[in-house]
>>> print(open('model.txt').read())   # compact mmCIF, C-alpha atoms
# COMPACT_ATOMS: atom_id res chain seq x y z
CA MET A 1 -47.24 33.36 -24.36
CA ASN A 2 -46.41 34.35 -27.95
CA TRP A 3 -50.06 33.91 -28.85
CA LEU A 4 -51.01 36.49 -26.28
CA ILE A 5 -48.46 38.98 -27.53
CA ASP A 6 -49.65 38.44 -31.12
CA PHE A 7 -53.23 38.99 -30.08
CA PHE A 8 -52.80 42.06 -27.95
CA THR A 9 -50.33 43.81 -30.24
CA ASP A 10 -52.35 43.28 -33.42
CA PRO A 11 -53.74 46.75 -34.26
CA ALA A 12 -56.75 45.11 -35.96
CA ASN A 13 -57.85 43.96 -32.52
CA TRP A 14 -58.04 47.47 -31.15
CA SER A 15 -60.43 49.21 -33.52
CA GLY A 16 -63.60 48.67 -35.51
CA SER A 17 -66.53 46.33 -34.98
CA SER A 18 -64.36 43.38 -33.97
CA GLY A 19 -61.95 45.42 -31.85
CA ILE A 20 -61.49 44.70 -28.17
CA PRO A 21 -63.19 47.93 -26.95
CA GLN A 22 -66.28 47.24 -29.06
CA ARG A 23 -66.46 43.57 -27.95
CA LEU A 24 -65.98 44.56 -24.34
CA VAL A 25 -68.86 47.04 -24.52
CA GLU A 26 -71.05 44.37 -26.13
CA HIS A 27 -70.23 41.79 -23.49
CA LEU A 28 -70.85 44.30 -20.72
CA GLY A 29 -74.10 45.40 -22.36
CA PHE A 30 -75.64 41.92 -22.70
CA SER A 31 -74.50 41.01 -19.21
CA LEU A 32 -75.98 44.11 -17.59
CA VAL A 33 -79.30 43.81 -19.44
CA ALA A 34 -79.59 40.11 -18.53
CA LEU A 35 -78.64 40.74 -14.90
CA ALA A 36 -81.10 43.64 -14.62
CA LEU A 37 -83.94 41.56 -16.08
CA ALA A 38 -83.10 38.60 -13.85
CA ALA A 39 -82.96 40.87 -10.78
CA LEU A 40 -86.31 42.46 -11.71
CA ILE A 41 -87.86 38.99 -11.71
CA GLY A 42 -85.88 37.27 -8.97
CA ILE A 43 -85.68 39.87 -6.19
CA PRO A 44 -89.38 40.85 -5.88
CA LEU A 45 -90.42 37.20 -6.16
CA GLY A 46 -87.84 36.16 -3.55
CA LEU A 47 -88.94 38.96 -1.20
CA LEU A 48 -92.58 37.96 -1.62
CA VAL A 49 -91.99 34.24 -1.06
CA GLY A 50 -89.59 34.84 1.83
CA HIS A 51 -91.87 37.34 3.54
CA THR A 52 -95.12 35.41 3.16
CA GLY A 53 -93.48 32.00 3.56
CA ARG A 54 -95.63 30.54 0.76
CA GLY A 55 -94.14 28.63 -2.15
CA GLY A 56 -90.68 28.19 -0.62
CA LEU A 57 -90.37 24.53 -1.58
CA LEU A 58 -91.33 25.31 -5.18
CA VAL A 59 -88.61 27.97 -5.36
CA VAL A 60 -85.89 25.64 -4.09
CA VAL A 61 -86.91 22.71 -6.30
CA SER A 62 -87.15 24.80 -9.47
CA ALA A 63 -83.80 26.42 -8.75
CA ASN A 64 -82.13 23.02 -8.43
CA LEU A 65 -83.71 21.91 -11.67
CA ALA A 66 -82.52 25.06 -13.42
CA ARG A 67 -78.94 24.34 -12.36
CA ALA A 68 -79.13 21.04 -14.23
CA LEU A 69 -80.14 22.70 -17.51
CA PRO A 70 -77.17 22.79 -19.91
CA THR A 71 -76.66 26.36 -21.12
CA LEU A 72 -75.33 25.43 -24.56
CA GLY A 73 -78.29 23.13 -25.20
CA LEU A 74 -80.80 25.76 -24.17
CA LEU A 75 -79.13 28.38 -26.38
CA VAL A 76 -79.01 26.10 -29.42
CA LEU A 77 -82.60 24.94 -29.01
CA LEU A 78 -84.04 28.45 -28.62
CA VAL A 79 -82.04 29.81 -31.54
CA LEU A 80 -83.16 26.91 -33.74
CA LEU A 81 -86.78 27.38 -32.68
CA LEU A 82 -87.00 31.19 -32.80
CA GLY A 83 -84.28 32.13 -35.30
CA THR A 84 -81.72 34.87 -34.85
CA ALA A 85 -83.79 37.80 -36.11
CA SER A 86 -83.98 39.29 -32.60
CA ILE A 87 -81.78 39.14 -29.52
CA TRP A 88 -84.44 37.31 -27.43
CA PRO A 89 -83.52 33.70 -28.26
CA VAL A 90 -80.11 34.41 -26.71
CA LEU A 91 -81.31 36.69 -23.93
CA ILE A 92 -84.00 34.30 -22.63
CA PRO A 93 -81.56 31.52 -21.57
CA LEU A 94 -79.20 34.11 -20.07
CA VAL A 95 -82.02 35.48 -17.91
CA ALA A 96 -83.56 32.08 -17.20
CA LEU A 97 -80.28 30.77 -15.79
CA ALA A 98 -79.64 33.90 -13.73
CA VAL A 99 -83.04 34.10 -12.03
CA PRO A 100 -82.71 30.97 -9.81
CA PRO A 101 -79.60 32.01 -7.82
CA ILE A 102 -81.09 35.49 -7.22
CA LEU A 103 -84.49 34.08 -6.29
CA VAL A 104 -83.18 31.37 -3.94
CA ASN A 105 -80.69 33.57 -2.12
CA THR A 106 -83.19 36.41 -1.68
CA PHE A 107 -85.73 33.92 -0.37
CA GLU A 108 -83.23 32.21 1.96
CA GLY A 109 -81.95 35.58 3.15
CA ILE A 110 -85.41 36.87 4.10
CA ARG A 111 -86.49 33.56 5.59
CA GLY A 112 -83.29 33.27 7.60
CA VAL A 113 -83.78 36.55 9.48
CA ASP A 114 -84.01 35.94 13.22
CA PRO A 115 -87.77 35.73 14.03
CA GLU A 116 -87.18 37.75 17.21
CA LEU A 117 -85.89 40.61 15.09
CA ARG A 118 -89.01 40.46 12.97
CA ASP A 119 -91.25 40.39 16.05
CA ALA A 120 -89.37 43.31 17.56
CA ALA A 121 -89.96 45.33 14.38
CA TYR A 122 -93.69 44.59 14.49
CA GLY A 123 -93.68 45.37 18.21
CA MET A 124 -92.24 48.79 17.47
CA GLY A 125 -95.29 49.46 15.31
CA LEU A 126 -93.85 48.89 11.80
CA ARG A 127 -96.25 47.50 9.23
CA GLY A 128 -95.62 44.49 6.95
CA PRO A 129 -94.01 46.34 4.02
CA GLN A 130 -92.00 48.53 6.41
CA VAL A 131 -90.71 45.47 8.26
CA LEU A 132 -89.68 44.01 4.94
CA LEU A 133 -87.89 47.10 3.62
CA LYS A 134 -86.41 48.55 6.81
CA VAL A 135 -85.46 45.39 8.69
CA LEU A 136 -85.58 42.22 6.62
CA VAL A 137 -83.91 43.52 3.44
CA PRO A 138 -80.91 45.17 5.18
CA VAL A 139 -80.31 42.03 7.26
CA ALA A 140 -80.70 39.76 4.23
CA LEU A 141 -78.57 41.99 1.99
CA PRO A 142 -75.39 39.86 2.12
CA LEU A 143 -77.30 36.86 0.77
CA ILE A 144 -79.20 38.96 -1.80
CA LEU A 145 -75.87 40.30 -3.08
CA LEU A 146 -74.44 36.77 -3.10
CA GLY A 147 -77.34 35.74 -5.33
CA LEU A 148 -76.67 38.66 -7.67
CA ARG A 149 -72.96 37.80 -7.76
CA LEU A 150 -73.58 34.14 -8.60
CA ALA A 151 -76.04 35.24 -11.28
CA ALA A 152 -73.48 37.68 -12.73
CA VAL A 153 -70.82 34.95 -12.84
CA GLN A 154 -73.27 32.68 -14.62
CA ILE A 155 -74.27 35.39 -17.10
CA VAL A 156 -70.69 36.36 -18.01
CA ALA A 157 -69.85 32.69 -18.67
CA THR A 158 -73.03 32.00 -20.62
CA ALA A 159 -72.65 35.16 -22.69
CA ALA A 160 -69.25 33.82 -23.77
CA VAL A 161 -70.79 30.49 -24.80
CA ALA A 162 -73.60 32.36 -26.60
CA ALA A 163 -71.08 33.58 -29.19
CA TYR A 164 -71.47 30.08 -30.64
CA VAL A 165 -75.04 30.89 -31.68
CA GLY A 166 -74.09 34.32 -33.02
CA LEU A 167 -74.03 36.68 -30.05
CA GLY A 168 -71.32 39.36 -30.11
CA GLY A 169 -69.07 40.06 -27.15
CA LEU A 170 -65.76 38.62 -26.08
CA GLY A 171 -66.83 35.04 -26.81
CA ARG A 172 -66.62 35.90 -30.51
CA TYR A 173 -62.81 35.77 -30.37
CA ILE A 174 -62.97 32.18 -29.14
CA ILE A 175 -65.58 30.99 -31.62
CA ASP A 176 -64.12 32.86 -34.63
CA GLY A 177 -60.60 31.88 -33.64
CA LEU A 178 -61.57 28.21 -33.45
CA ALA A 179 -63.28 28.42 -36.83
CA THR A 180 -60.22 29.94 -38.52
CA ARG A 181 -57.69 28.00 -36.41
CA ASP A 182 -56.29 31.30 -35.21
CA TYR A 183 -55.11 30.19 -31.83
CA SER A 184 -53.77 33.55 -30.67
CA GLN A 185 -57.30 34.92 -31.03
CA VAL A 186 -58.75 32.01 -29.03
CA VAL A 187 -56.30 32.42 -26.15
CA GLY A 188 -56.45 36.23 -26.23
CA GLY A 189 -60.25 36.15 -26.06
CA SER A 190 -60.14 33.62 -23.23
CA VAL A 191 -57.78 35.77 -21.19
CA LEU A 192 -60.03 38.80 -21.76
CA ILE A 193 -63.06 36.82 -20.58
CA VAL A 194 -61.21 35.66 -17.47
CA LEU A 195 -60.20 39.24 -16.66
CA PHE A 196 -63.75 40.42 -17.29
CA ALA A 197 -65.14 37.77 -14.91
CA LEU A 198 -62.64 38.68 -12.20
CA ALA A 199 -63.48 42.38 -12.58
CA ALA A 200 -67.20 41.61 -12.25
CA GLN A 201 -66.42 39.60 -9.13
CA SER A 202 -64.50 42.52 -7.57
CA VAL A 203 -67.33 44.96 -8.31
CA PHE A 204 -69.59 42.78 -6.18
CA ALA A 205 -67.06 42.48 -3.38
CA ILE A 206 -66.79 46.28 -3.26
CA THR A 207 -70.58 46.75 -3.47
CA GLN A 208 -70.99 44.39 -0.56
CA ARG A 209 -68.55 46.38 1.59
CA LEU A 210 -70.25 49.65 0.73
CA THR A 211 -73.89 48.67 1.10
CA VAL A 212 -74.10 46.08 3.86
CA SER A 213 -74.72 47.69 7.25
CA PRO A 214 -71.62 47.39 9.49
CA GLY A 215 -73.78 45.81 12.18
CA VAL A 216 -74.95 43.06 9.82
CA SER A 217 -71.53 42.24 8.40
CA GLN A 218 -70.14 42.31 11.97
CA ARG A 219 -67.29 44.54 10.93
CA VAL A 220 -68.29 46.54 14.00
CA ARG A 221 -68.69 44.63 17.21
CA ILE A 222 -72.15 45.12 18.69
CA ARG A 223 -72.17 45.54 22.45
CA MET B 1 -91.52 19.20 -47.80
CA ASP B 2 -93.14 18.19 -44.53
CA GLU B 3 -92.78 20.39 -41.49
CA GLU B 4 -89.90 19.14 -39.34
CA PRO B 5 -91.37 17.62 -36.15
CA LEU B 6 -90.04 18.89 -32.82
CA PHE B 7 -88.79 15.47 -31.92
CA ARG B 8 -88.02 12.50 -34.18
CA TRP B 9 -88.16 9.27 -32.22
CA SER B 10 -86.57 7.42 -35.13
CA TRP B 11 -83.39 9.46 -34.50
CA VAL B 12 -83.18 7.99 -31.00
CA ALA B 13 -83.55 4.46 -32.36
CA SER B 14 -80.91 4.87 -35.06
CA ASN B 15 -78.42 6.69 -32.82
CA TRP B 16 -78.87 4.64 -29.66
CA ASP B 17 -75.92 2.32 -30.07
CA ASN B 18 -74.76 2.48 -33.67
CA ASP B 19 -71.05 1.70 -33.12
CA THR B 20 -69.93 5.29 -33.76
CA PRO B 21 -68.23 7.45 -31.09
CA ASN B 22 -71.28 9.74 -31.24
CA SER B 23 -73.91 7.15 -30.38
CA ILE B 24 -76.13 7.98 -27.40
CA VAL B 25 -74.66 5.15 -25.31
CA ASN B 26 -71.04 6.17 -25.99
CA LEU B 27 -71.63 9.88 -25.36
CA LEU B 28 -73.54 9.07 -22.17
CA GLY B 29 -70.54 7.04 -21.01
CA ALA B 30 -68.12 9.84 -21.88
CA HIS B 31 -70.38 12.32 -20.12
CA ILE B 32 -70.46 10.25 -16.93
CA VAL B 33 -66.66 9.96 -16.94
CA MET B 34 -66.08 13.68 -17.59
CA ALA B 35 -68.58 14.78 -14.94
CA GLY B 36 -67.89 11.98 -12.45
CA LEU B 37 -64.11 12.31 -12.21
CA PRO B 38 -64.22 16.02 -11.22
CA ILE B 39 -66.80 15.22 -8.53
CA LEU B 40 -64.62 12.46 -7.01
CA LEU B 41 -61.30 14.29 -7.46
CA GLY B 42 -62.86 17.47 -6.09
CA LEU B 43 -63.94 15.67 -2.94
CA LEU B 44 -60.51 14.05 -2.56
CA VAL B 45 -58.75 17.42 -2.82
CA ALA B 46 -61.28 19.49 -0.85
CA LEU B 47 -61.40 17.22 2.22
CA PRO B 48 -57.76 17.66 3.31
CA LEU B 49 -57.75 21.35 2.27
CA GLY B 50 -60.96 21.96 4.20
CA LEU B 51 -59.52 20.20 7.24
CA ALA B 52 -56.40 22.33 6.98
CA CYS B 53 -58.57 25.47 6.88
CA VAL B 54 -60.35 24.37 10.06
CA ARG B 55 -57.08 23.49 11.79
CA TRP B 56 -55.41 26.78 10.82
CA ARG B 57 -58.21 29.36 10.79
CA TRP B 58 -56.05 32.13 9.27
CA LEU B 59 -55.84 30.03 6.09
CA TYR B 60 -59.56 30.14 5.47
CA GLN B 61 -60.03 33.80 4.46
CA PRO B 62 -57.40 33.78 1.67
CA VAL B 63 -58.43 30.30 0.50
CA ALA B 64 -62.11 31.29 0.40
CA GLY B 65 -61.23 34.39 -1.62
CA LEU B 66 -59.22 32.33 -4.08
CA MET B 67 -62.06 29.80 -4.40
CA ASN B 68 -64.56 32.60 -5.10
CA ALA B 69 -62.30 33.85 -7.86
CA ILE B 70 -61.85 30.37 -9.36
CA TYR B 71 -65.60 29.80 -9.31
CA ALA B 72 -66.11 33.02 -11.27
CA LEU B 73 -63.89 31.91 -14.19
CA PRO B 74 -66.01 31.00 -17.22
CA SER B 75 -65.58 27.34 -18.19
CA LEU B 76 -65.30 28.09 -21.92
CA ALA B 77 -62.31 30.38 -21.36
CA LEU B 78 -60.57 27.80 -19.17
CA PHE B 79 -61.13 25.04 -21.72
CA MET B 80 -59.54 27.21 -24.42
CA ILE B 81 -56.54 28.20 -22.32
CA LEU B 82 -55.92 24.55 -21.43
CA LEU B 83 -56.40 23.46 -25.02
CA SER B 84 -52.82 24.34 -25.96
CA VAL B 85 -51.45 22.32 -23.04
CA THR B 86 -53.64 19.25 -22.94
CA GLY B 87 -55.14 19.18 -26.43
CA ALA B 88 -58.75 18.44 -27.36
CA GLU B 89 -58.92 15.63 -24.82
CA ARG B 90 -61.23 14.80 -21.96
CA THR B 91 -58.61 16.08 -19.49
CA THR B 92 -59.15 19.60 -20.85
CA VAL B 93 -62.73 19.44 -19.58
CA ILE B 94 -62.01 17.48 -16.42
CA ILE B 95 -59.36 19.85 -14.98
CA PRO B 96 -61.48 23.07 -14.83
CA LEU B 97 -64.51 21.16 -13.54
CA THR B 98 -62.32 19.73 -10.77
CA PHE B 99 -61.30 23.25 -9.81
CA TYR B 100 -64.97 24.32 -9.61
CA ALA B 101 -65.73 21.25 -7.49
CA VAL B 102 -62.92 22.10 -5.06
CA ALA B 103 -64.09 25.73 -4.94
CA VAL B 104 -67.58 24.68 -3.84
CA LEU B 105 -66.52 21.81 -1.56
CA ILE B 106 -63.88 23.53 0.61
CA PRO B 107 -66.45 25.92 2.14
CA ALA B 108 -68.84 22.97 2.50
CA VAL B 109 -66.22 20.97 4.44
CA VAL B 110 -65.37 23.96 6.64
CA ASP B 111 -69.05 24.75 7.33
CA GLY B 112 -69.77 21.07 7.93
CA LEU B 113 -67.08 20.74 10.56
CA GLY B 114 -68.24 24.08 11.98
CA SER B 115 -71.71 22.58 12.42
CA VAL B 116 -70.40 20.09 14.99
CA PRO B 117 -71.82 21.28 18.34
CA ASP B 118 -69.17 22.19 20.86
CA HIS B 119 -70.62 19.95 23.58
CA VAL B 120 -70.36 16.96 21.25
CA ARG B 121 -66.70 17.71 20.56
CA GLN B 122 -66.01 18.14 24.26
CA SER B 123 -67.83 14.89 25.08
CA ALA B 124 -65.60 13.07 22.60
CA VAL B 125 -62.50 14.59 24.19
CA ALA B 126 -63.76 13.61 27.66
CA MET B 127 -64.38 10.04 26.47
CA GLY B 128 -60.72 9.81 25.56
CA TYR B 129 -60.98 10.10 21.76
CA THR B 130 -57.65 11.00 20.17
CA PRO B 131 -57.87 13.93 17.71
CA LEU B 132 -57.74 11.61 14.68
CA ARG B 133 -60.39 9.21 16.01
CA ARG B 134 -62.52 12.18 17.02
CA LEU B 135 -62.29 13.55 13.49
CA LEU B 136 -63.12 10.25 11.79
CA GLY B 137 -65.59 8.90 14.30
CA VAL B 138 -67.43 12.00 15.48
CA GLU B 139 -66.79 15.20 13.56
CA LEU B 140 -66.81 14.01 9.93
CA PRO B 141 -70.01 11.94 10.33
CA ILE B 142 -71.79 14.97 11.79
CA ALA B 143 -70.46 17.10 8.91
CA VAL B 144 -71.84 14.69 6.29
CA PRO B 145 -75.15 16.49 5.55
CA VAL B 146 -73.47 19.85 4.91
CA VAL B 147 -70.65 18.34 2.81
CA LEU B 148 -73.13 16.32 0.77
CA ALA B 149 -75.30 19.39 0.22
CA GLY B 150 -72.22 20.95 -1.41
CA LEU B 151 -71.58 17.75 -3.34
CA ARG B 152 -75.12 17.86 -4.78
CA VAL B 153 -74.45 21.35 -6.15
CA VAL B 154 -71.14 20.14 -7.59
CA ALA B 155 -72.64 17.03 -9.17
CA VAL B 156 -75.53 18.81 -10.86
CA SER B 157 -73.45 21.72 -12.16
CA SER B 158 -70.59 19.46 -13.36
CA ILE B 159 -73.05 17.34 -15.31
CA SER B 160 -74.52 20.38 -17.03
CA LEU B 161 -71.14 22.12 -17.58
CA VAL B 162 -69.53 19.16 -19.38
CA SER B 163 -71.70 20.03 -22.36
CA VAL B 164 -69.77 23.27 -22.97
CA GLY B 165 -66.84 21.00 -23.86
CA ALA B 166 -68.71 20.27 -27.10
CA LEU B 167 -67.08 23.41 -28.50
CA ILE B 168 -63.75 21.55 -28.42
CA GLY B 169 -65.40 18.27 -29.45
CA GLN B 170 -65.39 16.84 -25.92
CA GLY B 171 -68.82 17.60 -24.56
CA GLY B 172 -70.22 14.14 -23.90
CA LEU B 173 -73.95 14.49 -24.54
CA GLY B 174 -73.21 18.16 -25.27
CA ASN B 175 -71.87 17.05 -28.65
CA PHE B 176 -75.54 16.68 -29.63
CA PHE B 177 -75.95 20.45 -29.19
CA THR B 178 -73.27 21.36 -31.74
CA ASP B 179 -74.61 18.61 -34.00
CA ALA B 180 -78.13 20.06 -33.71
CA TYR B 181 -76.92 23.58 -34.46
CA GLN B 182 -74.81 22.58 -37.46
CA ARG B 183 -77.64 20.57 -39.02
CA ASP B 184 -80.48 22.87 -37.95
CA PHE B 185 -82.15 19.83 -36.38
CA TYR B 186 -84.11 20.08 -33.09
CA THR B 187 -84.10 16.43 -32.06
CA PRO B 188 -80.48 16.02 -30.87
CA ALA B 189 -80.70 19.28 -28.88
CA ILE B 190 -83.85 18.16 -27.09
CA ALA B 191 -82.49 14.65 -26.52
CA GLY B 192 -79.27 16.09 -25.10
CA ILE B 193 -81.06 18.46 -22.71
CA VAL B 194 -83.41 15.73 -21.49
CA LEU B 195 -80.61 13.17 -20.97
CA ILE B 196 -78.39 15.68 -19.14
CA VAL B 197 -81.22 16.75 -16.82
CA LEU B 198 -82.09 13.09 -16.17
CA LEU B 199 -78.45 12.28 -15.45
CA ALA B 200 -78.31 15.20 -13.00
CA LEU B 201 -81.47 13.99 -11.26
CA VAL B 202 -80.06 10.46 -10.96
CA ALA B 203 -76.77 11.76 -9.50
CA ASP B 204 -78.70 13.97 -7.09
CA GLY B 205 -80.80 11.01 -6.00
CA LEU B 206 -77.70 8.83 -5.48
CA ILE B 207 -76.12 11.46 -3.23
CA LEU B 208 -79.35 11.78 -1.24
CA LEU B 209 -79.37 7.99 -0.86
CA ALA B 210 -75.74 8.05 0.32
CA GLN B 211 -76.71 10.70 2.84
CA ARG B 212 -79.50 8.51 4.21
CA LEU B 213 -77.12 5.57 4.57
CA LEU B 214 -74.33 7.64 6.13
CA THR B 215 -76.54 9.41 8.68
CA PRO B 216 -78.89 6.72 10.04
CA TRP B 217 -79.37 8.68 13.28
CA VAL B 218 -81.29 11.41 11.48
CA ARG B 219 -84.07 8.97 10.60
CA ALA B 220 -83.97 7.31 14.01
CA ARG B 221 -84.49 10.70 15.65
CA ARG B 222 -87.41 11.56 13.40
CA SER B 223 -89.26 8.31 14.02
CA THR B 224 -89.29 8.66 17.80
>>> encode(input="model.txt", output="structure tokens")
Amino acid sequence: MNWLIDFFTDPANWSGSSGIPQRLVEHLGFSLVALALAALIGIPLGLLVGHTGRGGLLVVVSANLARALPTLGLLVLLVLLLGTASIWPVLIPLVALAVPPILVNTFEGIRGVDPELRDAAYGMGLRGPQVLLKVLVPVALPLILLGLRLAAVQIVATAAVAAYVGLGGLGRYIIDGLATRDYSQVVGGSVLIVLFALAAQSVFAITQRLTVSPGVSQRVRIR
Amino acid sequence: MDEEPLFRWSWVASNWDNDTPNSIVNLLGAHIVMAGLPILLGLLVALPLGLACVRWRWLYQPVAGLMNAIYALPSLALFMILLSVTGAERTTVIIPLTFYAVAVLIPAVVDGLGSVPDHVRQSAVAMGYTPLRRLLGVELPIAVPVVLAGLRVVAVSSISLVSVGALIGQGGLGNFFTDAYQRDFYTPAIAGIVLIVLLALVADGLILLAQRLLTPWVRARRST
């Protein structure tokens, strides 16, 4: 406990380039950019595959394979191969590991929509893209959001590990603290990362409540 | 100086089993222990907890919320917080991975038991099965595919997550990643990634095999 008090009461940790506010903004920045890129790739692809029904097996198999890839190994290899001149060697693994959960859950969500619902939408005269956007996406939204949440969890954790290969953010406290045997810094950074992850998790829980149609989430009983 | 090749096979030969703690064989063994124990312990803990959640439905919502939160905690942070309690030992890696395993497996157990059709349950009751025999003889076997689907996720992600432990010197094959970074040397990083992915594929295959053996009726139904 003393370590925590040391860490959070040290004024050096509250200002400048290695202060907590700065590190927090960095961590949030990388995470948001990676999540946005992963969503830009994963959601359209998942919608396409789920709606057309082609390539589903490929999506599931590649997603399983991606889960087996060790994040630290990927980070180290890309940084060794491409150098640290730009942010890409670190950003690529972050995005690569976040795409599969988004892709698979979007695909499963669209594919899992009751076929009768889909037929009814066509029967009412909606066209393919309209069926997708007005019926399939709202019904699949809980799973799409689950995919985004799992991806966010993965990104926040990987961004912490990425401090090892030179990325800024809250992981720096852990890596720098280990290097200088400053244990209060290690524990303080870890607690900040845990709080950050829990906050990210809550943002998704709230988003889900606000955006999922009450009929879909069955918060309102349909008669 | 010659250009460093992407992969030096001679490194594999000289590090295969060279009597140091960081030989490929020794790290592979450590990796299997550190990933395997959380998988087994997770299943042991999640089964009774999952059963409790099915028996007392009101338990499930709060437990599921807690499990979601646990799953969101970054492994690196947990390793570091535990470091002061358990030291740079294998336990420091095993404990958080066990928590993740439990977090994934409790919903799998609950969903698995939920997948038992009501008429099957009622038939068992009508045939005079006691609740315990019904659970062991009817409900759990039917839940096997869903539980094992969760176990596959746990196995593959545990195997890849162990490598993060390399940052406290206990990463199994992940130790090759820190080694590669410190020496600016591609080969150990590539070898580590390949071995970890292979290990995950083997574990996945073993669980699929177990599923085939535990649910013989699925094949019998398909062949008719």
>>> closest_residue(input="model.txt", among="B:Phe99, B:Trp217, B:Tyr186, B:Tyr129", to="chain A", atoms="all atoms listed in the file")
B:Tyr186
>>> closest_residue(input="model.txt", among="A:Leu141, A:Leu146, A:Val153, A:Ile87", to="Ala199 of chain A", atoms="all atoms listed in the file")
A:Val153
>>> interface_residues(input="model.txt", of="chain B", to="chain A", cutoff="7 Å", atoms="all atoms listed in the file", output="list in words")
Ala69, Ala72, Leu73, Pro74, Ser75, Leu76, Ala77, Met80, Ile81, Val156, Ser157, Ser160, Leu161, Ser163, Val164, Phe177, Tyr181, Asp184, Tyr186, Ala189, Ile193, Val197 and Ala200 of chain B
>>> closest_residue(input="model.txt", among="B:Trp58, B:Asp204, B:Leu51, B:Gln122", to="Gly150 of chain B", atoms="all atoms listed in the file")
B:Asp204
>>> axis_aligned_box(input="model.txt", around="segment 71-83 of chain B", padding_each_side="3 Å", output="lines of an AutoDock Vina configuration file")
center_x = -61.0
center_y = 28.2
center_z = -17.2
size_x = 16.2
size_y = 15.6
size_z = 21.7
>>> closest_residue(input="model.txt", among="A:Glu108, A:Trp3, A:Ile92, A:Ala36", to="Gly53 of chain A", atoms="only C-alpha atoms")
A:Glu108
>>> atom_distance(input="model.txt", atom1="atom CA of Gly172 of chain B", atom2="atom CA of Arg90 of chain B")
9.2 Å
>>> closest_residue(input="model.txt", among="B:Leu213, B:Leu208, B:Gly169, B:Leu43", to="Pro21 of chain B", atoms="all atoms listed in the file")
B:Gly169
>>> atom_distance(input="model.txt", atom1="atom CA of Ile41 of chain A", atom2="atom CA of Val99 of chain A")
6.9 Å
>>> decode(input="model.txt", residues="segment 40-66 of chain B", atoms="C-alpha atoms", output="PDB file, in the first residue's frame")
ATOM      1  CA  LEU B  40      -7.334 -27.245 -15.598  1.00  0.00           C
ATOM      2  CA  LEU B  41      -7.774 -25.117 -12.461  1.00  0.00           C
ATOM      3  CA  GLY B  42     -10.155 -22.828 -14.337  1.00  0.00           C
ATOM      4  CA  LEU B  43     -12.342 -25.770 -15.304  1.00  0.00           C
ATOM      5  CA  LEU B  44     -12.257 -27.127 -11.739  1.00  0.00           C
ATOM      6  CA  VAL B  45     -13.374 -23.775 -10.297  1.00  0.00           C
ATOM      7  CA  ALA B  46     -15.839 -22.825 -13.045  1.00  0.00           C
ATOM      8  CA  LEU B  47     -17.827 -26.088 -13.002  1.00  0.00           C
ATOM      9  CA  PRO B  48     -19.188 -25.792  -9.440  1.00  0.00           C
ATOM     10  CA  LEU B  49     -19.608 -22.003  -9.759  1.00  0.00           C
ATOM     11  CA  GLY B  50     -21.459 -22.428 -13.053  1.00  0.00           C
ATOM     12  CA  LEU B  51     -23.690 -25.083 -11.499  1.00  0.00           C
ATOM     13  CA  ALA B  52     -24.407 -22.761  -8.589  1.00  0.00           C
ATOM     14  CA  CYS B  53     -25.381 -20.009 -11.048  1.00  0.00           C
ATOM     15  CA  VAL B  54     -27.815 -22.369 -12.766  1.00  0.00           C
ATOM     16  CA  ARG B  55     -29.262 -23.575  -9.462  1.00  0.00           C
ATOM     17  CA  TRP B  56     -29.680 -20.036  -8.090  1.00  0.00           C
ATOM     18  CA  ARG B  57     -30.479 -17.872 -11.130  1.00  0.00           C
ATOM     19  CA  TRP B  58     -30.217 -14.564  -9.216  1.00  0.00           C
ATOM     20  CA  LEU B  59     -26.501 -15.284  -8.751  1.00  0.00           C
ATOM     21  CA  TYR B  60     -25.778 -15.253 -12.459  1.00  0.00           C
ATOM     22  CA  GLN B  61     -26.188 -11.534 -13.250  1.00  0.00           C
ATOM     23  CA  PRO B  62     -23.734 -10.279 -10.590  1.00  0.00           C
ATOM     24  CA  VAL B  63     -21.291 -13.135 -11.263  1.00  0.00           C
ATOM     25  CA  ALA B  64     -21.380 -12.481 -15.019  1.00  0.00           C
ATOM     26  CA  GLY B  65     -20.726  -8.785 -14.402  1.00  0.00           C
ATOM     27  CA  LEU B  66     -17.778  -9.589 -12.165  1.00  0.00           C
TER      28      LEU B  66
END
